[in-house]
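This is final_5.tsv. It holds TSV, C-alpha atoms and all ligand atoms.
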chain	number	residue	atom	x	y	z
A	1	MET	CA	-59.28	58.78	-93.07
A	2	LEU	CA	-61.85	58.98	-90.31
A	3	LYS	CA	-62.80	56.02	-88.14
A	4	ILE	CA	-66.27	56.07	-86.55
A	5	LEU	CA	-67.69	53.32	-84.33
A	6	ILE	CA	-71.33	52.60	-85.09
A	7	ARG	CA	-72.90	50.96	-82.04
A	8	PRO	CA	-73.00	48.14	-81.25
A	9	SER	CA	-70.18	46.76	-83.33
A	10	THR	CA	-69.49	48.22	-86.77
A	11	GLU	CA	-66.33	50.13	-87.60
A	12	LEU	CA	-66.85	52.73	-90.32
A	13	TYR	CA	-63.84	54.02	-92.20
A	14	ILE	CA	-64.51	57.01	-94.41
A	15	GLY	CA	-62.03	58.95	-96.49
A	16	ARG	CA	-59.92	58.54	-99.56
A	17	ASN	CA	-57.49	55.96	-100.83
A	18	LEU	CA	-58.94	53.36	-98.44
A	19	LEU	CA	-58.86	50.41	-100.78
A	20	THR	CA	-55.10	50.60	-101.01
A	21	THR	CA	-54.41	50.65	-97.29
A	22	ASP	CA	-53.74	47.51	-95.30
A	23	ARG	CA	-56.63	48.13	-92.90
A	24	LEU	CA	-58.99	46.08	-95.02
A	25	LEU	CA	-56.48	43.27	-95.26
A	26	GLU	CA	-56.29	43.14	-91.46
A	27	PHE	CA	-60.03	42.52	-91.32
A	28	CYS	CA	-59.73	39.57	-93.68
A	29	GLY	CA	-57.18	37.95	-91.37
A	30	LYS	CA	-57.05	34.24	-91.98
A	31	LEU	CA	-60.65	33.98	-93.14
A	32	ARG	CA	-61.55	32.64	-96.53
A	33	THR	CA	-62.77	35.80	-98.27
A	34	ILE	CA	-65.34	36.08	-101.05
A	35	LEU	CA	-65.63	39.46	-102.75
A	36	ILE	CA	-68.96	40.07	-104.46
A	37	ALA	CA	-69.52	42.87	-106.98
A	38	ASP	CA	-71.74	43.58	-109.95
A	39	VAL	CA	-70.34	43.13	-113.44
A	40	ALA	CA	-69.73	46.86	-113.93
A	41	ILE	CA	-67.72	47.18	-110.73
A	42	LYS	CA	-65.77	44.04	-111.57
A	43	ASP	CA	-63.47	45.71	-114.06
A	44	LEU	CA	-63.46	49.08	-112.32
A	45	TYR	CA	-62.39	47.95	-108.85
A	46	ALA	CA	-63.20	44.35	-107.98
A	47	VAL	CA	-60.54	42.41	-109.89
A	48	ASP	CA	-57.77	44.60	-108.46
A	49	LEU	CA	-59.13	44.52	-104.95
A	50	ALA	CA	-59.66	40.73	-104.99
A	51	ARG	CA	-56.04	40.24	-105.96
A	52	LYS	CA	-54.84	42.57	-103.25
A	53	ILE	CA	-56.81	40.99	-100.41
A	54	HIS	CA	-56.48	37.41	-101.72
A	55	ALA	CA	-60.23	37.05	-102.18
A	56	GLU	CA	-62.21	34.88	-104.54
A	57	LEU	CA	-64.45	36.98	-106.77
A	58	LEU	CA	-68.13	36.38	-107.51
A	59	THR	CA	-70.19	38.66	-109.74
A	60	ILE	CA	-73.88	39.49	-109.90
A	61	PRO	CA	-75.83	41.27	-112.64
A	62	THR	CA	-76.04	45.06	-112.49
A	63	GLY	CA	-79.14	47.14	-111.68
A	64	GLU	CA	-82.13	46.99	-109.34
A	65	LYS	CA	-83.47	43.88	-111.12
A	66	ALA	CA	-80.51	42.00	-109.65
A	67	LYS	CA	-81.81	42.52	-106.11
A	68	SER	CA	-84.06	39.52	-106.55
A	69	ARG	CA	-84.78	36.18	-104.92
A	70	GLU	CA	-83.26	34.58	-107.99
A	71	THR	CA	-79.88	36.32	-107.62
A	72	GLU	CA	-79.95	35.61	-103.89
A	73	GLN	CA	-80.52	31.88	-104.51
A	74	ASN	CA	-77.84	31.71	-107.19
A	75	LEU	CA	-75.38	33.41	-104.90
A	76	ILE	CA	-76.12	31.12	-101.99
A	77	ASP	CA	-75.91	28.02	-104.21
A	78	GLU	CA	-72.58	29.27	-105.49
A	79	LEU	CA	-71.27	29.58	-101.93
A	80	PHE	CA	-72.38	26.00	-101.20
A	81	LYS	CA	-70.72	24.74	-104.38
A	82	MET	CA	-67.51	26.46	-103.36
A	83	GLY	CA	-67.71	24.73	-100.01
A	84	CYS	CA	-67.84	27.95	-98.01
A	85	GLY	CA	-68.23	27.36	-94.29
A	86	ARG	CA	-69.32	29.59	-91.46
A	87	ASP	CA	-65.86	31.06	-91.22
A	88	THR	CA	-66.12	32.66	-94.65
A	89	LEU	CA	-66.01	36.46	-94.89
A	90	LEU	CA	-68.28	38.05	-97.48
A	91	ILE	CA	-67.34	41.47	-98.81
A	92	ALA	CA	-69.89	43.48	-100.80
A	93	LEU	CA	-68.32	45.99	-103.18
A	94	GLY	CA	-70.74	48.27	-105.04
A	95	GLY	CA	-73.93	50.29	-104.82
A	96	GLY	CA	-76.95	49.77	-102.62
A	97	VAL	CA	-78.16	46.84	-104.71
A	98	THR	CA	-74.98	44.92	-103.94
A	99	THR	CA	-74.68	45.92	-100.27
A	100	ASP	CA	-78.37	45.12	-99.55
A	101	LEU	CA	-78.30	41.80	-101.38
A	102	VAL	CA	-74.95	40.56	-100.10
A	103	GLY	CA	-75.88	41.76	-96.60
A	104	PHE	CA	-78.99	39.60	-96.80
A	105	VAL	CA	-77.06	36.58	-98.03
A	106	ALA	CA	-74.44	37.01	-95.28
A	107	SER	CA	-77.18	37.17	-92.65
A	108	VAL	CA	-78.85	33.91	-93.68
A	109	TYR	CA	-76.04	31.76	-95.10
A	110	MET	CA	-75.50	29.11	-92.41
A	111	ARG	CA	-77.38	31.51	-90.11
A	112	GLY	CA	-74.83	34.22	-90.63
A	113	VAL	CA	-71.26	34.75	-91.76
A	114	PRO	CA	-69.03	37.81	-91.23
A	115	LEU	CA	-69.68	40.73	-93.56
A	116	ILE	CA	-67.84	43.84	-94.75
A	117	LEU	CA	-69.45	46.52	-96.93
A	118	ILE	CA	-67.58	48.69	-99.40
A	119	PRO	CA	-70.19	51.10	-100.79
A	120	THR	CA	-69.24	52.77	-104.07
A	121	THR	CA	-72.27	54.97	-104.83
A	122	LEU	CA	-73.20	58.16	-103.02
A	123	LEU	CA	-76.55	56.57	-102.17
A	124	ALA	CA	-74.92	53.52	-100.62
A	125	ILE	CA	-72.38	55.62	-98.69
A	126	VAL	CA	-74.88	58.01	-97.11
A	127	ASP	CA	-77.77	55.61	-96.82
A	128	ALA	CA	-77.88	51.93	-97.80
A	129	ALA	CA	-74.67	50.76	-96.13
A	130	ILE	CA	-75.38	52.36	-92.75
A	131	GLY	CA	-77.81	50.93	-90.23
A	132	GLY	CA	-77.60	47.18	-90.75
A	133	LYS	CA	-80.64	46.74	-92.93
A	134	THR	CA	-80.42	44.14	-95.65
A	135	ALA	CA	-83.00	43.56	-98.36
A	136	ILE	CA	-84.16	41.94	-101.53
A	137	ASP	CA	-87.07	42.99	-103.71
A	138	THR	CA	-90.22	41.07	-104.63
A	139	PRO	CA	-92.84	41.71	-107.32
A	140	TYR	CA	-94.99	43.25	-104.53
A	141	GLY	CA	-92.50	45.99	-103.83
A	142	LYS	CA	-88.92	46.87	-103.04
A	143	ASN	CA	-87.09	45.78	-99.88
A	144	LEU	CA	-90.03	43.71	-98.62
A	145	ILE	CA	-87.79	40.83	-97.54
A	146	GLY	CA	-84.81	41.48	-95.33
A	147	THR	CA	-82.99	41.24	-92.06
A	148	ILE	CA	-81.17	43.54	-89.67
A	149	TYR	CA	-77.53	42.44	-89.61
A	150	SER	CA	-74.45	44.45	-88.68
A	151	PRO	CA	-71.37	44.30	-90.86
A	152	LYS	CA	-68.00	44.07	-89.08
A	153	ALA	CA	-66.83	47.10	-91.01
A	154	ILE	CA	-67.79	49.58	-93.69
A	155	PHE	CA	-65.12	51.12	-95.93
A	156	ALA	CA	-66.50	54.23	-97.63
A	157	ASP	CA	-63.80	55.30	-100.05
A	158	LEU	CA	-64.83	58.60	-101.63
A	159	ASP	CA	-62.27	58.06	-104.38
A	160	THR	CA	-64.52	55.39	-105.86
A	161	LEU	CA	-67.08	58.12	-106.57
A	162	ARG	CA	-64.78	59.54	-109.26
A	163	THR	CA	-66.20	57.06	-111.75
A	164	LEU	CA	-69.80	57.42	-110.60
A	165	PRO	CA	-72.18	58.45	-113.41
A	166	GLU	CA	-73.85	61.85	-112.96
A	167	LYS	CA	-77.34	60.42	-112.54
A	168	GLU	CA	-76.13	58.26	-109.66
A	169	TRP	CA	-74.96	61.42	-107.87
A	170	LEU	CA	-78.51	62.73	-107.97
A	171	ASN	CA	-79.79	59.52	-106.36
A	172	GLY	CA	-77.61	60.07	-103.33
A	173	PHE	CA	-78.23	63.79	-103.30
A	174	ALA	CA	-81.96	63.20	-102.75
A	175	GLU	CA	-81.18	61.26	-99.55
A	176	ILE	CA	-78.79	63.98	-98.38
A	177	LEU	CA	-81.47	66.66	-98.84
A	178	LYS	CA	-83.92	64.38	-97.00
A	179	MET	CA	-81.48	64.23	-94.07
A	180	GLY	CA	-81.45	68.02	-94.12
A	181	LEU	CA	-85.23	68.10	-93.90
A	182	ILE	CA	-85.73	65.60	-91.09
A	183	TYR	CA	-82.70	66.01	-88.88
A	184	ASP	CA	-79.93	68.44	-89.71
A	185	SER	CA	-80.81	71.83	-91.12
A	186	SER	CA	-77.12	72.73	-91.42
A	187	ILE	CA	-77.00	70.40	-94.44
A	188	TRP	CA	-79.27	72.94	-96.02
A	189	GLN	CA	-76.61	75.62	-95.88
A	190	LYS	CA	-73.95	73.58	-97.68
A	191	LYS	CA	-73.82	73.98	-101.39
A	192	GLY	CA	-72.86	71.54	-104.14
A	193	VAL	CA	-73.13	67.79	-103.88
A	194	LYS	CA	-69.51	66.89	-104.61
A	195	ASN	CA	-68.50	68.09	-101.21
A	196	ASP	CA	-66.86	65.73	-98.70
A	197	GLU	CA	-68.09	67.79	-95.76
A	198	LEU	CA	-71.69	67.47	-96.92
A	199	ILE	CA	-71.34	63.72	-97.42
A	200	LEU	CA	-69.84	63.35	-93.95
A	201	LYS	CA	-72.70	65.32	-92.39
A	202	ALA	CA	-75.25	63.05	-94.05
A	203	VAL	CA	-73.35	59.96	-92.87
A	204	GLN	CA	-73.17	61.28	-89.30
A	205	GLY	CA	-76.88	62.08	-89.35
A	206	LYS	CA	-77.76	58.58	-90.45
A	207	ILE	CA	-75.52	57.04	-87.79
A	208	ALA	CA	-77.04	59.19	-85.05
A	209	ILE	CA	-80.56	58.21	-86.08
A	210	VAL	CA	-79.98	54.46	-86.39
A	211	GLU	CA	-78.03	54.33	-83.12
A	212	GLN	CA	-80.99	55.83	-81.29
A	213	ASP	CA	-83.37	53.25	-82.74
A	214	PRO	CA	-81.55	50.24	-84.20
A	215	THR	CA	-84.65	48.08	-84.75
A	216	GLU	CA	-87.05	50.75	-86.01
A	217	LEU	CA	-89.41	51.04	-83.08
A	218	GLY	CA	-90.00	54.74	-83.66
A	219	PHE	CA	-87.41	57.43	-84.26
A	220	ARG	CA	-85.72	55.67	-87.14
A	221	ARG	CA	-88.94	56.02	-89.13
A	222	ILE	CA	-88.01	59.63	-89.86
A	223	LEU	CA	-85.60	58.24	-92.46
A	224	ASN	CA	-88.69	57.23	-94.33
A	225	PHE	CA	-89.64	60.82	-95.05
A	226	GLY	CA	-90.32	61.23	-98.77
A	227	HIS	CA	-90.46	57.46	-99.18
A	228	THR	CA	-94.15	56.77	-98.54
A	229	ILE	CA	-95.01	58.59	-101.75
A	230	GLY	CA	-91.56	57.94	-103.27
A	231	HIS	CA	-91.83	54.15	-103.08
A	232	ALA	CA	-95.39	54.27	-104.41
A	233	ILE	CA	-94.27	56.37	-107.38
A	234	GLU	CA	-91.38	54.01	-108.07
A	235	ALA	CA	-93.76	51.06	-108.06
A	236	ILE	CA	-96.22	52.83	-110.39
A	237	SER	CA	-93.38	53.62	-112.79
A	238	GLN	CA	-92.55	49.90	-112.62
A	239	TYR	CA	-89.17	50.90	-111.25
A	240	GLU	CA	-88.29	52.84	-114.38
A	241	MET	CA	-87.91	56.00	-112.29
A	242	PRO	CA	-84.61	56.17	-110.37
A	243	HIS	CA	-84.94	55.99	-106.58
A	244	GLY	CA	-83.51	59.48	-106.07
A	245	GLU	CA	-85.96	61.08	-108.47
A	246	ALA	CA	-88.86	59.34	-106.76
A	247	VAL	CA	-87.58	60.32	-103.31
A	248	ALA	CA	-87.06	63.93	-104.40
A	249	LEU	CA	-90.67	64.06	-105.60
A	250	GLY	CA	-91.77	62.25	-102.45
A	251	CYS	CA	-89.96	64.79	-100.24
A	252	VAL	CA	-91.59	67.73	-102.00
A	253	LEU	CA	-95.05	66.15	-101.84
A	254	GLU	CA	-94.71	65.06	-98.21
A	255	ALA	CA	-93.48	68.58	-97.36
A	256	HIS	CA	-96.57	69.89	-99.15
A	257	LEU	CA	-98.70	67.49	-97.12
A	258	SER	CA	-96.98	68.71	-93.93
A	259	MET	CA	-97.96	72.25	-94.95
A	260	HIS	CA	-101.49	71.30	-95.97
A	261	LEU	CA	-102.09	69.60	-92.62
A	262	GLY	CA	-100.97	72.76	-90.85
A	263	TYR	CA	-97.54	71.75	-89.52
A	264	LEU	CA	-95.11	73.43	-91.95
A	265	SER	CA	-94.97	77.09	-92.94
A	266	GLU	CA	-95.49	78.14	-96.53
A	267	ARG	CA	-92.11	79.87	-96.44
A	268	ASP	CA	-90.30	76.66	-95.52
A	269	PHE	CA	-92.22	74.77	-98.17
A	270	GLU	CA	-91.21	77.23	-100.90
A	271	GLN	CA	-87.60	76.94	-99.82
A	272	ILE	CA	-87.79	73.15	-99.94
A	273	LEU	CA	-89.33	73.24	-103.40
A	274	GLY	CA	-86.47	75.42	-104.61
A	275	SER	CA	-83.83	73.08	-103.20
A	276	PHE	CA	-85.10	70.17	-105.24
A	277	SER	CA	-84.89	72.14	-108.49
A	278	SER	CA	-82.15	69.88	-109.90
A	279	PHE	CA	-84.69	67.03	-110.03
A	280	PRO	CA	-87.36	66.59	-112.75
A	281	LEU	CA	-90.20	66.37	-110.15
A	282	ARG	CA	-92.67	64.80	-112.56
A	283	LEU	CA	-95.23	62.11	-111.77
A	284	PRO	CA	-95.26	59.09	-114.07
A	285	LYS	CA	-97.94	59.51	-116.77
A	286	ASN	CA	-100.03	56.60	-115.54
A	287	CYS	CA	-100.13	57.96	-111.97
A	288	THR	CA	-103.60	58.70	-110.61
A	289	ARG	CA	-104.59	59.57	-107.06
A	290	GLN	CA	-106.25	56.18	-106.79
A	291	ASN	CA	-103.31	54.05	-107.91
A	292	LEU	CA	-100.92	56.18	-105.89
A	293	PHE	CA	-102.91	55.47	-102.74
A	294	ASN	CA	-103.28	51.79	-103.66
A	295	ALA	CA	-99.51	51.46	-104.11
A	296	MET	CA	-98.99	52.71	-100.54
A	297	VAL	CA	-100.72	49.64	-99.14
A	298	TYR	CA	-97.41	47.78	-99.01
A	299	ASP	CA	-95.64	50.49	-97.01
A	300	LYS	CA	-93.92	48.99	-93.98
A	301	LYS	CA	-95.04	51.86	-91.68
A	302	ASN	CA	-98.71	50.97	-92.12
A	303	ALA	CA	-100.66	49.88	-89.07
A	304	SER	CA	-104.31	48.86	-88.62
A	305	GLY	CA	-104.70	49.08	-92.37
A	306	LYS	CA	-103.91	52.80	-92.38
A	307	VAL	CA	-101.27	54.54	-94.47
A	308	ARG	CA	-98.91	56.51	-92.20
A	309	PHE	CA	-96.65	59.43	-93.08
A	310	VAL	CA	-93.58	61.02	-91.52
A	311	LEU	CA	-94.21	64.79	-91.41
A	312	ILE	CA	-92.02	67.81	-90.68
A	313	ASP	CA	-92.82	71.05	-88.89
A	314	ARG	CA	-89.72	72.93	-90.05
A	315	ILE	CA	-86.61	72.33	-92.13
A	316	GLY	CA	-84.48	69.94	-90.09
A	317	HIS	CA	-87.20	68.56	-87.81
A	318	ALA	CA	-89.58	65.60	-88.09
A	319	ILE	CA	-92.63	65.55	-85.81
A	320	SER	CA	-92.67	63.03	-82.93
A	321	PHE	CA	-96.40	62.14	-82.74
A	322	GLU	CA	-95.88	60.60	-79.28
A	323	GLY	CA	-92.80	58.69	-80.29
A	324	GLN	CA	-94.37	57.10	-83.38
A	325	TYR	CA	-92.77	59.64	-85.73
A	326	CYS	CA	-95.58	59.09	-88.22
A	327	ARG	CA	-99.33	59.58	-88.36
A	328	PRO	CA	-102.20	58.16	-90.40
A	329	VAL	CA	-103.24	60.24	-93.39
A	330	SER	CA	-106.49	59.54	-95.22
A	331	GLU	CA	-106.96	59.50	-98.95
A	332	LYS	CA	-109.08	62.64	-98.56
A	333	GLU	CA	-106.27	64.48	-96.75
A	334	LEU	CA	-103.90	63.60	-99.58
A	335	LYS	CA	-106.18	65.05	-102.22
A	336	ALA	CA	-104.94	68.65	-102.07
A	337	THR	CA	-101.30	67.56	-102.38
A	338	PHE	CA	-102.04	65.40	-105.39
A	339	GLU	CA	-104.06	68.18	-107.04
A	340	TRP	CA	-101.21	70.64	-106.39
A	341	MET	CA	-98.78	68.28	-108.11
A	342	LYS	CA	-101.05	67.76	-111.10
A	343	ASN	CA	-101.38	71.54	-111.56
A	344	ASN	CA	-97.71	72.42	-111.19
B	1	LIG	P1	-77.63	52.29	-105.67
B	1	LIG	O1	-78.62	51.27	-105.22
B	1	LIG	O2	-76.61	52.63	-104.64
B	1	LIG	O3	-78.23	53.50	-106.32
B	1	LIG	P2	-76.68	50.34	-107.63
B	1	LIG	O4	-76.11	49.27	-106.80
B	1	LIG	O5	-77.95	50.07	-108.37
B	1	LIG	O6	-76.76	51.70	-106.82
B	1	LIG	O7	-75.59	50.84	-108.67
B	1	LIG	C1	-75.94	51.75	-109.67
B	1	LIG	C2	-75.08	51.53	-110.90
B	1	LIG	O8	-73.86	52.25	-110.73
B	1	LIG	C3	-74.69	50.09	-111.17
B	1	LIG	O9	-74.75	49.88	-112.57
B	1	LIG	C4	-73.28	50.00	-110.66
B	1	LIG	O10	-72.56	49.04	-111.35
B	1	LIG	C5	-72.75	51.38	-110.92
B	1	LIG	N1	-71.74	51.85	-109.97
B	1	LIG	C6	-71.75	51.70	-108.65
B	1	LIG	N2	-70.70	52.32	-108.08
B	1	LIG	C7	-70.00	52.87	-109.10
B	1	LIG	C8	-68.80	53.65	-109.17
B	1	LIG	N3	-68.13	54.00	-108.08
B	1	LIG	N4	-68.37	54.03	-110.39
B	1	LIG	C9	-69.06	53.69	-111.50
B	1	LIG	N5	-70.18	53.00	-111.50
B	1	LIG	C10	-70.66	52.57	-110.32
B	2	ZN	ZN	-84.14	55.97	-100.09
Would you give me this structure, written as structure tokens?
Ligand code: ADP
Ligand code: ZN
Amino acid sequence: MLKILIRPSTELYIGRNLLTTDRLLEFCGKLRTILIADVAIKDLYAVDLARKIHAELLTIPTGEKAKSRETEQNLIDELFKMGCGRDTLLIALGGGVTTDLVGFVASVYMRGVPLILIPTTLLAIVDAAIGGKTAIDTPYGKNLIGTIYSPKAIFADLDTLRTLPEKEWLNGFAEILKMGLIYDSSIWQKKGVKNDELILKAVQGKIAIVEQDPTELGFRRILNFGHTIGHAIEAISQYEMPHGEAVALGCVLEAHLSMHLGYLSERDFEQILGSFSSFPLRLPKNCTRQNLFNAMVYDKKNASGKVRFVLIDRIGHAISFEGQYCRPVSEKELKATFEWMKNN
């Protein structure tokens, strides 16, 4: 087990067999503890864990649709009904849907109660659980409502990944490759996704980035690489396309855009394209250049009504653009990238 302090105040434990050590129990202390998991995780891990740490168990529906205002309200009402006070500890056990949603609830319930995250998907371990962002979705787009709220601790137990379905591995893998593109080219040299060393590198990269820019004033935007197009594609597919598939496609297209605008070499681009070969890389059928651009209107990086992109100038390095780490791209500049995709 490795213990890493994430500034200012989160302890991250990463390793194996973590849910059976007493470390977690120590965090619960004398607090009333509510464990929250989706219905699939309930039987896999939550019932056992709740018994072990003397927690009360609440469940939420499974899947992205659960990350809604409705689930959030139900959960909060449930906490009121149970008479939970400010000294209640909430523990989120599950994928990014659960950690984002429960993180949000913990940050607003009575203006904030203590929170612990136990991510159980690769995506949540390398991405969602780190950095203190919480979120729920709205019909206008994903993650458009949220807070920044640090958990007391994160327990990333890689043993929980043993039961993770194959397609969920790909979701996390897309974020790991993204980290390799924007920050740490050594990720690029590691092979195979079921590799603890690779996972740890991605986690360390994410920590380093969020510590440098906790409130997203600039540098942290690089994490958004692949997501300007990725989120738009997800929205156009009406969230039928998994996040990782959309991000993989987004990374390839935003790398293409980086090349088209003269920042990235053709050689690097070809290598990037090859590295995403385990993903389908197909646009949804109903995707046109017009609706793709329209869907980007809700991107949180936008400023003065302009769509802004994170771009890279080599594998492992995002461009600073005077500390903004993104630059406006017009619909016209995007044309070549879209045409390339349509023809490939
Ligand atoms: P993410 O947002 O991290 O991709 P979700 O929270 O949507 O993931 O979870 C994806 C699905 O995988 C859910 O149905 C969830 O119940 C299931 N799941 C999460 N972690 C595990 C695990 N360790 N083993 C098996 N299934 C899991
Ligand atoms: Zn993502």
Using only C-alpha atoms and all ligand atoms, find each residue of chain A with at least one atom at most 9 Å away from an atom of ligand ZN 2 (chain B); report its shortest atom-to-atom pair and that distance in Å (one decimal), sort the rows by chain and rising residue number, and return the result as a tab-separated table.
residue	atom	partner	partner_atom	distance
A:Leu123	CA	B:ZN2	ZN	7.9
A:Asp127	CA	B:ZN2	ZN	7.2
A:Ala128	CA	B:ZN2	ZN	7.8
A:Asn171	CA	B:ZN2	ZN	8.4
A:Gly172	CA	B:ZN2	ZN	8.4
A:Ala174	CA	B:ZN2	ZN	8.0
A:Glu175	CA	B:ZN2	ZN	6.1
A:Lys178	CA	B:ZN2	ZN	9.0
A:Leu223	CA	B:ZN2	ZN	8.1
A:Asn224	CA	B:ZN2	ZN	7.4
A:Phe225	CA	B:ZN2	ZN	8.9
A:Gly226	CA	B:ZN2	ZN	8.2
A:His227	CA	B:ZN2	ZN	6.6
A:Gly230	CA	B:ZN2	ZN	8.3
A:His231	CA	B:ZN2	ZN	8.4
A:His243	CA	B:ZN2	ZN	6.5
A:Gly244	CA	B:ZN2	ZN	7.0
A:Ala246	CA	B:ZN2	ZN	8.8
A:Val247	CA	B:ZN2	ZN	6.4
For Ser304 in chain A, list every protein, DNA or RNA residue within 12 Å, evaluated using only C-alpha atoms, and leave out those in the same chain fewer than 5 positions away; present the list as a PDB file with C-alpha atoms, keeping the file's coordinate frame.
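Now in part17.pdb:
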ATOM      1  CA  VAL A 297    -100.720  49.640 -99.140  1.00  0.00           C
ATOM      2  CA  ARG A 327     -99.330  59.580 -88.360  1.00  0.00           C
ATOM      3  CA  PRO A 328    -102.200  58.160 -90.400  1.00  0.00           C
TER       4      PRO A 328
END
Check which residues fall inside 9 Å of ligand LIG 1 (chain B) when counting all atoms listed in the file, and print them as a PyMOL selection string. chain A and resi 37-42+44-45+61-67+93-100+119-125+127-129+158-165+168-169+171-172+242-244
Need to verify the contact set: range 74-76 of chain A, 9 Å, all atoms listed in the file, exclusion of same-chain residues closer than 3 positions in sequence. Can you return it as JSON, numbers by chain? {"A": [58, 59, 60, 69, 70, 71, 79, 80, 81, 102, 105, 109]}
Mind checking which residues fall within 12 Å of Asn291 in chain A, counting all atoms listed in the file, ignoring those fewer than 3 positions away in the same chain, and posting them as a CSV table (one decimal) with C-alpha atoms, in the frame of the given file?
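The result, stored in around.csv:
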chain,number,residue,atom,x,y,z
A,229,ILE,CA,-95.0,58.6,-101.8
A,232,ALA,CA,-95.4,54.3,-104.4
A,233,ILE,CA,-94.3,56.4,-107.4
A,234,GLU,CA,-91.4,54.0,-108.1
A,235,ALA,CA,-93.8,51.1,-108.1
A,236,ILE,CA,-96.2,52.8,-110.4
A,237,SER,CA,-93.4,53.6,-112.8
A,284,PRO,CA,-95.3,59.1,-114.1
A,285,LYS,CA,-97.9,59.5,-116.8
A,286,ASN,CA,-100.0,56.6,-115.5
A,287,CYS,CA,-100.1,58.0,-112.0
A,288,THR,CA,-103.6,58.7,-110.6
A,294,ASN,CA,-103.3,51.8,-103.7
A,295,ALA,CA,-99.5,51.5,-104.1
A,296,MET,CA,-99.0,52.7,-100.5
A,297,VAL,CA,-100.7,49.6,-99.1
A,331,GLU,CA,-107.0,59.5,-99.0
A,338,PHE,CA,-102.0,65.4,-105.4
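When the distance limit is 12 Å and all atoms listed in the file are what count, the residues near Pro214 in chain A, minus those fewer than 3 positions from it on the same chain, are Ile6, Arg7, Pro8, Ser9, Ile130, Gly131, Gly132, Lys133, Ile148, Tyr149, Ser150, Lys206, Ile207, Ala208, Ile209, Val210, Glu211, Leu217, Gly218, Phe219, Arg220 and Arg221 of chain A.
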Have a look at A:Asn143, A:Leu283, A:Phe309, A:Arg314 and name the one nearest to Glu266 in chain A; count all atoms listed in the file.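 Result for the nearest residue to Glu266 in chain A: A:Arg314.
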Would you place a box with edges along x, y and z of the file around all atoms of range 324-329 of chain A listed there, add 8 Å to each of its six sides, and report the centre and edge lengths in Å to one decimal, as lines of an AutoDock Vina configuration file?
center_x = -98.0
center_y = 58.7
center_z = -88.4
size_x = 26.5
size_y = 19.1
size_z = 26.0
Could you tell me how far CA of Leu49 in chain A lies from CA of Ile14 in chain A, in Å and to one decimal?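 Going from CA of Leu49 in chain A over to CA of Ile14 in chain A, I get 17.2 Å.
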Within 8 Å of (-67.5, 43.0, -86.9) in the file's own coordinates, which protein, DNA or RNA residues have an atom, counting all atoms listed in the file? List them as JSON, numbers by chain. {"A": [9, 10, 11, 114, 115, 116, 150, 151, 152, 153]}
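The interatomic distance for the pair CA of Ala156 in chain A and CA of Ser278 in chain A works out to 25.3 Å.
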Which residues come within 6 Å of His317 in chain A, counting only C-alpha atoms, excluding same-chain residues fewer than 2 positions away, as an MDAnalysis selection string? chainID A and resid 182:183 312 314:315
Select, from A:Met341, A:Val203, A:Leu101, A:Leu5, the residue with the minimum atom-to-atom distance to Ala135 in chain A, counting only C-alpha atoms. A:Leu101
